[in-house]
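Below is one structure, written out as structure tokens; comments come after it.
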Amino acid sequence: MDKIARIDMGAAGGPKVTVGDLGQYAGLGGRAMTSLMVAAEVHPLAHALGAENKLVISPGMLSGTTGSMTGRLSVGCKSPLTGTIKESNAGGQAAQVLARLGYAAVVLEGKPEGDDLYKIVINKDGIQVIADNSLKLMDNYPLVAKLRQEYGDKVAYMTIGSAGERKLLAASIACTDPELRPTRHCGRGGVGAVMGAKRVKAIIIDDAGMKMRPPKDPEKYRDANRKFVEGLRKHPVTGEGLPAYGTNVLTNVLNEAGGYPTNNFKSGQFAESASLSGETQAALEIQRGGSATHGCHRGCVIQCSGIYNDKDGNYVTKQPEYETVWSHGGHCGISNLDTVARLDYMDDNIGVDTIEMGVTIGVAMDAGLAEFGDDAAAIRLMEEVEKGTPLGRILGSGAAITGKVFGVERVPVVKDQALPAYDPRAIQGIGVTYATTTQGADHTAGYAIATNILKVGGDVDPLKTEGQIELSRNLQIATAAIDSTGMCLFIAFAIMDQPETFQALLDMLGSFNGITMTGDDVVALGKKVLSAERDFNTRAGFNKHHDRLPRFFYNEPIAPHNQTFMMKDEELDEVFNW
Amino acid sequence: MSQNVTELSPIVPEFETLSLLLASDQLSIFFPILQKGVMVPATVGCTLKSLLCDQFAIPADYVSDRITTIFVDNCPVDDLDRTVIQDGSRVTLSAAMPGLVGATMRRGGYYAALRQGISHVLDSGKASNECGIVHLKLFNLLLTELGSLILARGLLLKSEELTALLKNLPELPISTHYGAGRTLLSVTFRE
Ligand code: SF4
């Protein structure tokens with residue numbers, strides 16, 4: 001990865017490609033690349049859908065190598081949903097293929113005049129930008145099927161559906177999985193709308209003729225990767241729980257903890273949760289000839305995904321993840337997995353974030369547009385988004401807009417991004433991260449649970465009250481670093497519990513680059529990324545008052561624990577004091 | 001199909017007992033009720049550790065290494081020796097869970113502070129031993145690993161619950177005259 005491609009979509013005479021060296025961005029990948037570049041190059045007060053915004057696409061530092069779990073792709077920009085800096089990442093094949101072509105980043109800049117729609121073809125011979133208006137308003141599944149006729153099956157596709165073209169604020173960017181299904185989405189923050197604003201419908205990435213990226217020390221890299229894989233396989237979460245049930249294994253546990261937001265955050269428990277659980281879902285998938293164990297990209301050894309078929313054995317969608325099953329399920333009072341799977345397919349096809357859409361439908365239900373638990377109404381609301389009706393455009397612009405339009409008071413958003421599937425009144429520490437992350441409410445912002453091994457910020461006594469602030473800070477630092485490596489965050493459990501697996505990860509990073517890497521280096525990287533993101537947000541007009549949860553979390557106790565969110569504002573303000 | 005009714009007789013005035021011997025591949029039929037929760041007779045007033053190790057006969061190292069997430073009455077538990085089980089207590093057992101929240105719920109875990117306010121408060125009272133009922137749930141990997149052990153000990157089912165369950169065992173050669181009260185169902189599986 002020794003070059004950066006910049007595509008000026010608004011250049012006079014048509015889109016113009018410039019390929020240059022890495023310059024100040026040498027050695028970066030993933031979130032470190034996207035955030036440092038956006039912070040340095042995008043005017044913080046730019047309109048997110050305007051020519052001044054940039055869409056930075058970057059594979060992780062280890063993507064395109066023989067290393068396992070290295071296939072995450074980061075997309076960054078100023079978010080049209082939140083107005084903050086945004087990094088949104090996904091699995092699928094794109095990161096591996098783009099990295100093998102040598103691109104540390106592909107940057108979409110400017111904005112074309114006129115109405116033409118473009119596709120971008122990236123291969124070993126270079127980059128072509130081609131106008132193709134036959135793709136207009138196509139959704140992701142038919143779009144990829146059409147592109148496959150022209151470009152075949154040995155490439156990776158990044159696409160936007162009709163939602164991205166319509167510049168809806170919940171719009172995602174789809175990345176194809178190994179079976180070329182558009183199921184892996186850079187979902188959060190409306191990154192698909194930014195791609196749509198630049199009039200780019202599809203990016204076709206073809207690494208024919210390219211080889212795996214070679215490590216500086218191949219023997220050490222191979223050895224470290226072997227130890228890393230062994231560590232993932234032997235851990236009960238990464239070696240057993242996630243492969244068997246996927247992330248939806250959390251439904252039962254969250255419901256039991258009273259932290260499963262139900263009927264738009266009115267209760268912490270859903271009576272029908274067992275019908276939606278990962279255990280039930282996996283059994284159904286296997287019984288219907290689908291699969292409960294599937295990797296979103298080649299080289300994943302955890303394989304937390306799966307294939308969800310209908311009762312006749314026909315493919316419906318990939319295995320819906322925990323957040324999706326929650327947002328379209330319990331959050332809307334819906335307990336039918338087939339309905340959730342249908343909505344997941346619609347999200348992927350139209351190209352919208354499943355968390356944002358599910359939460360929005362719950363808010364719409366609170367507004368009286370449908371009853372909680374009405375499966376058919378939820379599908380009807382999604383069809384409005386699909387058709388691009390005025391109501392559909394409101395819904396597709398997310399929970400905050402929908403709440404404002406329909407006068408709903410209980411709108412679960414931070415910085416206008418919908419909260420994920422954990423109620424911060426039951427799990428207070430999660431609320432600290434939701435409130436303070438640079439990205440708007442985001443569960444993965446504090447997901448890298450290996451902070452004890454990383455010793456981020458020194459040793460913390462986790463049983464002390466004040467530990468919550470330190471833990472959230474450390475988690476956010478560690479996550480920013482792991483998001484930069486291209487590693488899937490689900491490796492975190494194995495590296496937290498098994499020091500030898502964490503060492504193997506450091507050895508992979510070090511031997512690939514021919515250096516010795518320590519935990520301190522990882523922490524320094526995480527802090528650098530977060531500092532740049534915070535600085536961008538400050539210049540964009542955000543301050544500590546935006547680092548708060550909506551008031552209803554402070555005022556409305558939630559069953560069964562009857563707690564409100566109790567963290568003090570002054571404590572939240574300490575999170576980024578390092 | 002290898003399933004037999006081996007016994008249908010009252011043991012205490014309000015309970016009949018029903019014992020089944022099934023092929024081991026039928027264990028999964030019981031997973032839905034085990035994850036929703038079942039009533040199990042137990043000696044209560046004891047510690048959670050004693051319930052799991054002494055009464056359920058789960059090996060201590062399995063309890064410490066494998067059952068890493070435990071709830072009593074919706075509260076995550078950190079110390080099994082200082083959690084007393086009462087009549088009607090709801091006990092939920094799970095293997096390790098993914099993600100930050102999974103780590104947060106983990107027993108005695110590094111991230112326990114993040115769930116402050118809902119963690120189980122340590123019991124200091126003395127244990128007393130009385131007959132009672134515990135509402136037990138098994139999740140994820142533990143369904144397969146502990147399901148047969150719990151089923152062999154016996155579950156108390158209301159007649160409608162039992163009837164619904166037996167519908168999933170279609171070749172069971174019995175009628176459904178289990179009485180209107182609760183039945184103690186015990187199931188063993190052939191190797
Ligand atoms: S663990 Fe899941 S999300 Fe991570 S790379 Fe594998 S399939 Fe994708």
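Residues in the structure tokens are named by chain (A, B, ... in the order shown) and by number from 1 within that chain; ligands are numbered from 1 in the order shown.
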To check your reading of the model: which residues sit at most 7 Å from ligand 1 when counting only C-alpha atoms and all ligand atoms? Write the answer as a list in words.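 So, counting only C-alpha atoms and all ligand atoms, the residues near ligand 1 are Met69, Gly71, Gly91, His294, Gly295, Cys296, His297, Cys300, Val301, Ile302, Gln303, Cys304, Ser305, Cys488, Leu489 and Phe490 of chain A.
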Kindly export the residues of the current selection with N, CA, C and O atoms, as a compact mmCIF listing (two decimals), in the first residue's frame.
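Below is the file result.txt, written as the result:
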```
# COMPACT_ATOMS: atom_id res chain seq x y z
N MET A 69 -8.27 -12.36 9.64
CA MET A 69 -9.14 -11.34 10.23
C MET A 69 -8.79 -9.92 9.80
O MET A 69 -9.16 -8.97 10.45
N GLY A 71 -9.58 -8.09 7.11
CA GLY A 71 -10.33 -7.58 5.96
C GLY A 71 -11.30 -6.45 6.22
O GLY A 71 -12.25 -6.26 5.46
N GLY A 91 -16.83 -5.42 6.79
CA GLY A 91 -16.07 -6.55 6.26
C GLY A 91 -16.33 -6.66 4.76
O GLY A 91 -16.50 -5.66 4.08
N HIS A 294 -20.43 -18.51 9.03
CA HIS A 294 -20.04 -18.03 7.71
C HIS A 294 -19.15 -16.81 7.89
O HIS A 294 -19.38 -15.99 8.78
N GLY A 295 -18.14 -16.68 7.05
CA GLY A 295 -17.23 -15.53 7.15
C GLY A 295 -17.63 -14.44 6.19
O GLY A 295 -18.01 -14.72 5.05
N CYS A 296 -17.51 -13.18 6.62
CA CYS A 296 -17.89 -12.07 5.73
C CYS A 296 -16.79 -11.76 4.73
O CYS A 296 -17.00 -11.03 3.79
N HIS A 297 -15.58 -12.29 4.98
CA HIS A 297 -14.52 -12.17 3.98
C HIS A 297 -13.60 -13.37 4.10
O HIS A 297 -13.58 -14.05 5.13
N CYS A 300 -11.33 -14.98 7.42
CA CYS A 300 -11.92 -14.85 8.76
C CYS A 300 -11.98 -16.24 9.38
O CYS A 300 -12.59 -17.14 8.80
N VAL A 301 -11.40 -16.41 10.54
CA VAL A 301 -11.47 -17.73 11.19
C VAL A 301 -12.56 -17.79 12.25
O VAL A 301 -12.88 -18.86 12.74
N ILE A 302 -13.12 -16.65 12.61
CA ILE A 302 -14.19 -16.68 13.63
C ILE A 302 -15.52 -17.05 12.96
O ILE A 302 -16.26 -17.88 13.47
N GLN A 303 -15.82 -16.42 11.86
CA GLN A 303 -17.03 -16.70 11.09
C GLN A 303 -18.30 -16.49 11.93
O GLN A 303 -19.05 -17.43 12.19
N CYS A 304 -18.54 -15.25 12.32
CA CYS A 304 -19.70 -14.96 13.18
C CYS A 304 -20.99 -14.83 12.38
O CYS A 304 -22.05 -14.66 12.96
N SER A 305 -20.90 -14.89 11.06
CA SER A 305 -22.11 -14.65 10.27
C SER A 305 -22.78 -15.97 9.88
O SER A 305 -22.40 -17.03 10.37
N CYS A 488 -10.85 -7.28 12.50
CA CYS A 488 -12.23 -7.27 12.99
C CYS A 488 -12.19 -7.12 14.51
O CYS A 488 -11.39 -7.74 15.20
N LEU A 489 -13.10 -6.28 15.05
CA LEU A 489 -13.10 -6.02 16.49
C LEU A 489 -13.40 -7.26 17.32
O LEU A 489 -13.15 -7.28 18.52
N PHE A 490 -13.95 -8.27 16.70
CA PHE A 490 -14.29 -9.46 17.48
C PHE A 490 -13.08 -10.24 17.95
O PHE A 490 -13.21 -11.19 18.72
```
What parts of region 238-431 of chain A does DSSP call helix (DSSP H, G or I)? I'd like the answer as JSON, numbers by chain. {"A": [238, 239, 240, 241, 242, 243, 244, 245, 247, 248, 249, 250, 251, 252, 253, 254, 255, 256, 273, 274, 275, 276, 278, 279, 280, 281, 282, 283, 284, 285, 286, 287, 322, 323, 324, 325, 326, 327, 328, 330, 331, 332, 337, 338, 339, 340, 341, 342, 343, 344, 345, 346, 347, 348, 349, 350, 354, 355, 356, 357, 358, 359, 360, 361, 362, 363, 364, 365, 366, 375, 376, 377, 378, 379, 380, 381, 382, 383, 384, 385, 386, 387, 390, 391, 392, 393, 394, 395, 399, 400, 401, 402, 403, 404, 405, 406, 428, 429, 430, 431]}
Any idea which chain B residues end up within 9 Å of chain A if we count only C-alpha atoms, as a ChimeraX atom specification please? /B:28,31-32,35-36,66,69,71,73-76,92,94-105,109-118,139-141
Each region 225-275 of chain A residue no farther than 7 Å from region 502-505 of chain A, nearest pair in Å, only C-alpha atoms, as a Markdown table:
```
| residue | atom | partner | partner_atom | distance |
| --- | --- | --- | --- | --- |
| A:Asn225 | CA | A:Ala504 | CA | 6.8 |
| A:Lys227 | CA | A:Ala504 | CA | 6.0 |
| A:Phe228 | CA | A:Ala504 | CA | 5.3 |
```
Excluding same-chain residues fewer than 5 positions from region 153-161 of chain A, what lies within 7 Å of it counting only C-alpha atoms, as a ChimeraX atom specification? /A:93-94,97,137-140,148,172-176,192,201-207,349-351
Near Val44 (chain B), within 9 Å and counting only C-alpha atoms, which residues show up once chain neighbours fewer than 4 positions away are dropped, as a list in words? Leu51, Val84, Ile85, Gln86, Asp87, Gly88, Ser89, Ala127, Ser128, Asn129, Glu130, Cys131, Gly132, Ile133 and Val134 of chain B
Store the residues of this selection in a file with C-alpha atoms, as a PDB file, in the first residue's frame.
```
ATOM      1  CA  LEU B  51     -26.734 -25.059  44.111  1.00  0.00           C
ATOM      2  CA  VAL B  84     -27.856 -16.933  48.415  1.00  0.00           C
ATOM      3  CA  ILE B  85     -30.583 -18.643  46.447  1.00  0.00           C
ATOM      4  CA  GLN B  86     -34.139 -18.216  47.724  1.00  0.00           C
ATOM      5  CA  ASP B  87     -37.369 -19.970  46.878  1.00  0.00           C
ATOM      6  CA  GLY B  88     -38.405 -18.513  43.522  1.00  0.00           C
ATOM      7  CA  SER B  89     -34.975 -17.131  42.640  1.00  0.00           C
ATOM      8  CA  ALA B 127     -27.638 -20.070  54.614  1.00  0.00           C
ATOM      9  CA  SER B 128     -30.723 -22.105  55.585  1.00  0.00           C
ATOM     10  CA  ASN B 129     -31.724 -25.225  53.752  1.00  0.00           C
ATOM     11  CA  GLU B 130     -35.359 -25.586  52.720  1.00  0.00           C
ATOM     12  CA  CYS B 131     -37.282 -27.163  49.850  1.00  0.00           C
ATOM     13  CA  GLY B 132     -38.202 -24.741  47.120  1.00  0.00           C
ATOM     14  CA  ILE B 133     -38.235 -24.011  43.434  1.00  0.00           C
ATOM     15  CA  VAL B 134     -35.644 -22.238  41.345  1.00  0.00           C
TER      16      VAL B 134
END
```
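Backbone DSSP assigns strand (DSSP E or B) in region 47-145 of chain B to Thr47, Thr69, Ile70, Phe71, Val72, Cys75, Pro76, Val84, Ile85, Arg90, Val91, Thr92, Leu93, Ser94, Glu130, Cys131, Gly132, Ile133, Val134, His135, Leu136, Lys137 and Leu138 of chain B.
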Long-range neighbours of region 513-522 of chain A as a ChimeraX atom specification, 7 Å cut-off, only C-alpha atoms, 2 positions minimum in chain: /A:215-217,454,481,506-507,509-511,524-526
For the residues selected in the previous step, produce a file with C-alpha atoms as a compact mmCIF listing (two decimals), in the first residue's frame.
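File produced: out35.txt:
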```
# COMPACT_ATOMS: atom_id res chain seq x y z
CA PRO A 215 5.67 -8.88 4.90
CA LYS A 216 9.14 -7.52 5.65
CA ASP A 217 9.84 -10.60 7.77
CA LEU A 454 -2.87 -2.78 26.43
CA ALA A 481 -6.17 1.70 17.21
CA LEU A 506 1.74 -7.13 17.92
CA ASP A 507 4.18 -9.49 16.21
CA LEU A 509 2.01 -5.73 12.95
CA GLY A 510 5.72 -5.55 13.73
CA SER A 511 7.00 -8.29 11.41
CA ALA A 524 -0.15 6.19 20.93
CA LEU A 525 -1.83 5.47 17.60
CA GLY A 526 -5.30 5.31 19.22
```
Extract, using only C-alpha atoms, all DNA, RNA and protein residues at most 8 Å from Asn133 (chain A), discarding same-chain residues fewer than 4 positions from it, and format them as a PDB file with N, CA and C atoms, in the first residue's frame.
```
ATOM      1  N   ASP A 116     -25.265  13.080 -14.277  1.00  0.00           N
ATOM      2  CA  ASP A 116     -24.698  11.772 -14.641  1.00  0.00           C
ATOM      3  C   ASP A 116     -24.302  10.973 -13.406  1.00  0.00           C
ATOM      4  N   LEU A 117     -24.407   9.666 -13.560  1.00  0.00           N
ATOM      5  CA  LEU A 117     -24.033   8.742 -12.492  1.00  0.00           C
ATOM      6  C   LEU A 117     -22.804   7.980 -12.969  1.00  0.00           C
ATOM      7  N   TYR A 118     -21.874   7.691 -12.033  1.00  0.00           N
ATOM      8  CA  TYR A 118     -20.585   7.106 -12.444  1.00  0.00           C
ATOM      9  C   TYR A 118     -20.329   5.773 -11.749  1.00  0.00           C
TER      10      TYR A 118
END
```
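CA of Ala23 (chain B) sits 8.6 Å away from CA of Thr188 (chain B).
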Can you tell me, as a tab-separated table (two decimals) with N, CA and C atoms, in the first residue's frame, what residues are no more than 12 Å from Ser50 (chain B) when counting only C-alpha atoms, ignoring any on the same chain fewer than 5 positions away?
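As written to disk, out_1.tsv reads:
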```
chain	number	residue	atom	x	y	z
B	42	ALA	N	-35.46	-27.62	44.18
B	42	ALA	CA	-34.11	-27.54	44.74
B	42	ALA	C	-34.19	-27.25	46.23
B	43	THR	N	-33.09	-27.51	46.89
B	43	THR	CA	-32.98	-27.06	48.27
B	43	THR	C	-32.49	-25.62	48.20
B	44	VAL	N	-33.30	-24.71	48.75
B	44	VAL	CA	-32.94	-23.30	48.65
B	44	VAL	C	-32.43	-22.79	49.99
B	45	GLY	N	-32.04	-21.51	50.01
B	45	GLY	CA	-31.40	-20.99	51.22
B	45	GLY	C	-29.93	-21.36	51.24
B	55	GLN	N	-25.90	-29.52	44.27
B	55	GLN	CA	-27.21	-30.05	43.88
B	55	GLN	C	-27.27	-30.42	42.39
B	56	PHE	N	-26.78	-29.54	41.54
B	56	PHE	CA	-26.82	-29.85	40.11
B	56	PHE	C	-25.65	-30.74	39.70
B	57	ALA	N	-24.70	-30.93	40.60
B	57	ALA	CA	-23.53	-31.80	40.35
B	57	ALA	C	-22.72	-31.35	39.14
B	58	ILE	N	-22.60	-30.03	38.99
B	58	ILE	CA	-21.74	-29.50	37.92
B	58	ILE	C	-20.33	-29.40	38.49
B	59	PRO	N	-19.33	-29.95	37.82
B	59	PRO	CA	-17.97	-29.90	38.36
B	59	PRO	C	-17.52	-28.45	38.62
B	60	ALA	N	-16.81	-28.25	39.72
B	60	ALA	CA	-16.41	-26.89	40.14
B	60	ALA	C	-15.57	-26.19	39.07
B	63	VAL	N	-17.80	-24.88	36.41
B	63	VAL	CA	-18.51	-23.67	36.88
B	63	VAL	C	-17.58	-22.46	36.77
B	80	LEU	N	-20.06	-16.28	43.67
B	80	LEU	CA	-21.00	-17.38	43.85
B	80	LEU	C	-21.15	-17.79	45.31
B	81	ASP	N	-20.10	-17.57	46.08
B	81	ASP	CA	-20.15	-17.97	47.49
B	81	ASP	C	-20.94	-16.99	48.33
B	82	ARG	N	-21.14	-15.80	47.80
B	82	ARG	CA	-21.88	-14.80	48.58
B	82	ARG	C	-23.17	-14.40	47.88
B	83	THR	N	-23.73	-15.36	47.18
B	83	THR	CA	-25.05	-15.17	46.57
B	83	THR	C	-25.94	-16.29	47.08
B	84	VAL	N	-26.98	-15.91	47.82
B	84	VAL	CA	-27.86	-16.93	48.42
B	84	VAL	C	-29.11	-17.10	47.55
B	85	ILE	N	-29.44	-18.33	47.29
B	85	ILE	CA	-30.58	-18.64	46.45
B	85	ILE	C	-31.82	-18.84	47.32
B	127	ALA	N	-26.88	-19.16	55.47
B	127	ALA	CA	-27.64	-20.07	54.61
B	127	ALA	C	-28.58	-20.92	55.46
B	128	SER	N	-29.80	-21.17	54.94
B	128	SER	CA	-30.72	-22.11	55.59
B	128	SER	C	-31.15	-23.06	54.49
B	129	ASN	N	-31.39	-24.26	54.80
B	129	ASN	CA	-31.72	-25.23	53.75
B	129	ASN	C	-33.19	-25.62	53.81
```
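Nearest residue to Asp310 (chain A) among A:Val411, A:Leu98, A:Leu284, A:Ala400 is A:Leu284, counting only C-alpha atoms.
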